[in-house]
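Read through the structure below, which is laid out as structure tokens, and then see the notes.
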Amino acid sequence: MSIQWRGVIPAITTPFNEDLSIDHGFLAYHCRWMIDHGCTGIVTPGSLGEAATLTFDEKVSVLKTCVEATGDRAPVIAGISSLSTAEAVKLAQTAESVGCKGLMVLPPYVYRGDWAEMRYHVDAILGATRLSCMLYNNPVSYGTDFLPEHIRELSREHANLHAIKESSTDVRRVTAIRALIGDWLSLFVGVDDAIVEGIGAGAVGWIAGLVNALPKESVALFNYAKAGETEKTFKLYRWFLPLLRMDTVPKFVQLIKLVQTELGMGNPRVRPPRLQLTGQEFEQARATIRTALENRPSL
């Protein structure tokens, strides 16, 4: 099965048991549920999947569970993030061996290198397997900015680089990348509250967060925007925006898991250093979620 690099692909959350071990049973169910609602793949473990708190072996176990759960219905794309290039390469190769069909390649955590260092890191990962790859650009979170010129350079030298997840929050980047490389790479929006604008600028996919709780609405919004159904798009977008903006703040993991909890599709558990929301912060978030759900549109 090859990756089409189109549509809505969840950056899936990692569910935890009470002892904060991984709940593989729910993880498998969650994968199937989102595919049932029209998602075109699964990305794991990414930032939303709390990858930084998972051991290497836990990451591999998550990949195996997702691969087994989705079977031939949709590809699993492994998030490749690590402090070191060597471990990132090892994870990429292991992901291929357990049946993943693609990689989402991140810069190294913590160290914010220059272009030569980041290029070395990405080159090593892209060259480590035959898998189709997506480059993840998120300068807000990682401090490393893959400029359109860098992306063009990488795309010319790696035949297996097929997509870019653009999360700079500047929708003009989609236009700038397309101006340099045309349709050579599939452009994905990685910021939930910029999806409609991103599609307008030429994006063909969405690595989404709130889809973990609301796949039906997420897929509908994407499809309306792609089809140019303006009235339907903005009616749904206006309703969805208070929730989509939860994907753009430091506690986005806690918030998205809280939305899942309110919908009966998960629990709020997170691994430290993250802690569950409490007090006024919790009450305000829950009020926003419940107001949205009380006015949930029928599709």
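By order of appearance in the structure tokens: chains A, B, ..., then residues from 1 within every chain, and ligands from 1 in the order shown.
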
For A:Gln93, please output as an NGL selection string all residues within 9 Å (counting only C-alpha atoms; exclusion window: fewer than 5 positions along the same chain).
:A and (88 or 98 or 125 or 128-129)

Give the alpha helix (DSSP H) residues of stretch 51-252 of chain A, as DSSP finds them on the backbone, and put them as a PyMOL selection string.
chain A and resi 56-70+85-97+115-126+139-142+148-157+172-181+195-201+215-227+230-244+252

Excluding same-chain residues fewer than 5 positions from stretch 194-199 of chain A, what lies within 7 Å of it counting only C-alpha atoms, as a list in words?
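Once the nearby chain positions are removed, what remains is Val171, Val174, Val189, Val204, Trp206, Ala225 and Lys226 of chain A.
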
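Interatomic distance, atom CA of A:Leu241 to atom CA of A:Arg32: 25.5 Å.
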
From the list A:Val110, A:Leu20, A:Ile12, A:Val43, which residue is nearest A:Ile80 when using only C-alpha atoms?
A:Val43

Mind listing the strand (DSSP E or B) residues of stretch 63-265 of chain A, per DSSP on the backbone, as a ChimeraX atom specification?
/A:76-80,102-105,132-137,161-166,186-189,205-208

Would you write out those residues with C-alpha atoms, as an mmCIF file, in the first residue's frame?
data_model
loop_
_atom_site.group_PDB
_atom_site.id
_atom_site.type_symbol
_atom_site.label_atom_id
_atom_site.label_comp_id
_atom_site.auth_asym_id
_atom_site.auth_seq_id
_atom_site.Cartn_x
_atom_site.Cartn_y
_atom_site.Cartn_z
ATOM 1 C CA VAL A 76 0.661 4.301 9.377
ATOM 2 C CA ILE A 77 3.232 7.100 9.252
ATOM 3 C CA ALA A 78 5.879 7.004 11.963
ATOM 4 C CA GLY A 79 6.856 10.248 13.639
ATOM 5 C CA ILE A 80 10.660 10.295 13.737
ATOM 6 C CA GLY A 102 5.818 6.368 5.683
ATOM 7 C CA LEU A 103 7.797 8.669 7.949
ATOM 8 C CA MET A 104 7.150 12.143 9.314
ATOM 9 C CA VAL A 105 10.629 13.563 9.849
ATOM 10 C CA SER A 132 7.804 7.734 1.540
ATOM 11 C CA CYS A 133 8.544 10.736 3.768
ATOM 12 C CA MET A 134 7.010 13.963 5.002
ATOM 13 C CA LEU A 135 9.173 16.766 6.395
ATOM 14 C CA TYR A 136 7.698 18.461 9.456
ATOM 15 C CA ASN A 137 8.349 22.182 9.713
ATOM 16 C CA LEU A 161 10.533 13.076 0.092
ATOM 17 C CA HIS A 162 6.923 13.474 -0.992
ATOM 18 C CA ALA A 163 5.236 15.833 1.453
ATOM 19 C CA ILE A 164 5.688 18.732 3.850
ATOM 20 C CA LYS A 165 3.739 19.417 7.033
ATOM 21 C CA GLU A 166 3.804 23.193 7.289
ATOM 22 C CA SER A 186 2.092 17.431 -1.242
ATOM 23 C CA LEU A 187 1.541 20.316 1.158
ATOM 24 C CA PHE A 188 -0.196 19.660 4.464
ATOM 25 C CA VAL A 189 -1.421 22.133 7.045
ATOM 26 C CA GLY A 205 -3.871 17.573 3.287
ATOM 27 C CA TRP A 206 -4.274 18.166 7.009
ATOM 28 C CA ILE A 207 -2.292 16.619 9.851
ATOM 29 C CA ALA A 208 -5.001 17.281 12.390
#

Selection: 9 Å around A:Arg73, only C-alpha atoms, excl. self and same-chain fewer than 6 positions, as a count of residues only:
5

Residue contacts of stretch 279-287 of chain A (8 Å, only C-alpha atoms) excluding same-chain residues fewer than 6 positions away, as a ChimeraX atom specification
/A:255,258-259

Name the residues in contact with A:Ile177 at a cut-off of 10 Å, using only C-alpha atoms, excluding same-chain residues fewer than 6 positions from it; report them as a CSV table (one decimal) with N, CA and C atoms, in the first residue's frame.
chain,number,residue,atom,x,y,z
A,147,LEU,N,13.1,26.6,5.6
A,147,LEU,CA,12.6,27.7,4.7
A,147,LEU,C,12.3,27.0,3.3
A,148,PRO,N,11.4,27.7,2.5
A,148,PRO,CA,11.1,27.1,1.2
A,148,PRO,C,12.3,26.7,0.4
A,149,GLU,N,13.4,27.5,0.5
A,149,GLU,CA,14.6,27.2,-0.3
A,149,GLU,C,15.2,25.9,0.2
A,150,HIS,N,15.2,25.7,1.5
A,150,HIS,CA,15.7,24.4,2.1
A,150,HIS,C,14.9,23.2,1.6
A,151,ILE,N,13.6,23.4,1.6
A,151,ILE,CA,12.7,22.3,1.2
A,151,ILE,C,12.9,22.0,-0.2
A,152,ARG,N,13.1,23.0,-1.1
A,152,ARG,CA,13.4,22.7,-2.5
A,152,ARG,C,14.7,21.9,-2.6
A,164,ILE,N,5.2,17.8,2.8
A,164,ILE,CA,5.7,18.7,3.9
A,164,ILE,C,4.5,19.1,4.8
A,166,GLU,N,3.4,21.8,7.1
A,166,GLU,CA,3.8,23.2,7.3
A,166,GLU,C,3.0,23.7,8.5
A,183,ASP,N,3.9,21.4,-7.7
A,183,ASP,CA,3.2,20.3,-7.1
A,183,ASP,C,4.1,19.1,-6.8
A,184,TRP,N,5.4,19.4,-6.8
A,184,TRP,CA,6.3,18.3,-6.5
A,184,TRP,C,6.1,17.6,-5.2
A,185,LEU,N,5.8,18.4,-4.2
A,185,LEU,CA,5.5,17.9,-2.8
A,185,LEU,C,4.0,18.2,-2.5
A,187,LEU,N,1.5,19.4,0.0
A,187,LEU,CA,1.5,20.3,1.2
A,187,LEU,C,0.4,20.1,2.1
A,202,GLY,N,-3.5,26.3,-1.4
A,202,GLY,CA,-3.0,25.2,-2.2
A,202,GLY,C,-2.7,23.9,-1.4

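Nearest-residue note for A:Cys66: choosing from A:Lys101, A:Arg238, A:Lys232, A:His37, the minimum distance belongs to A:Lys101, counting only C-alpha atoms.
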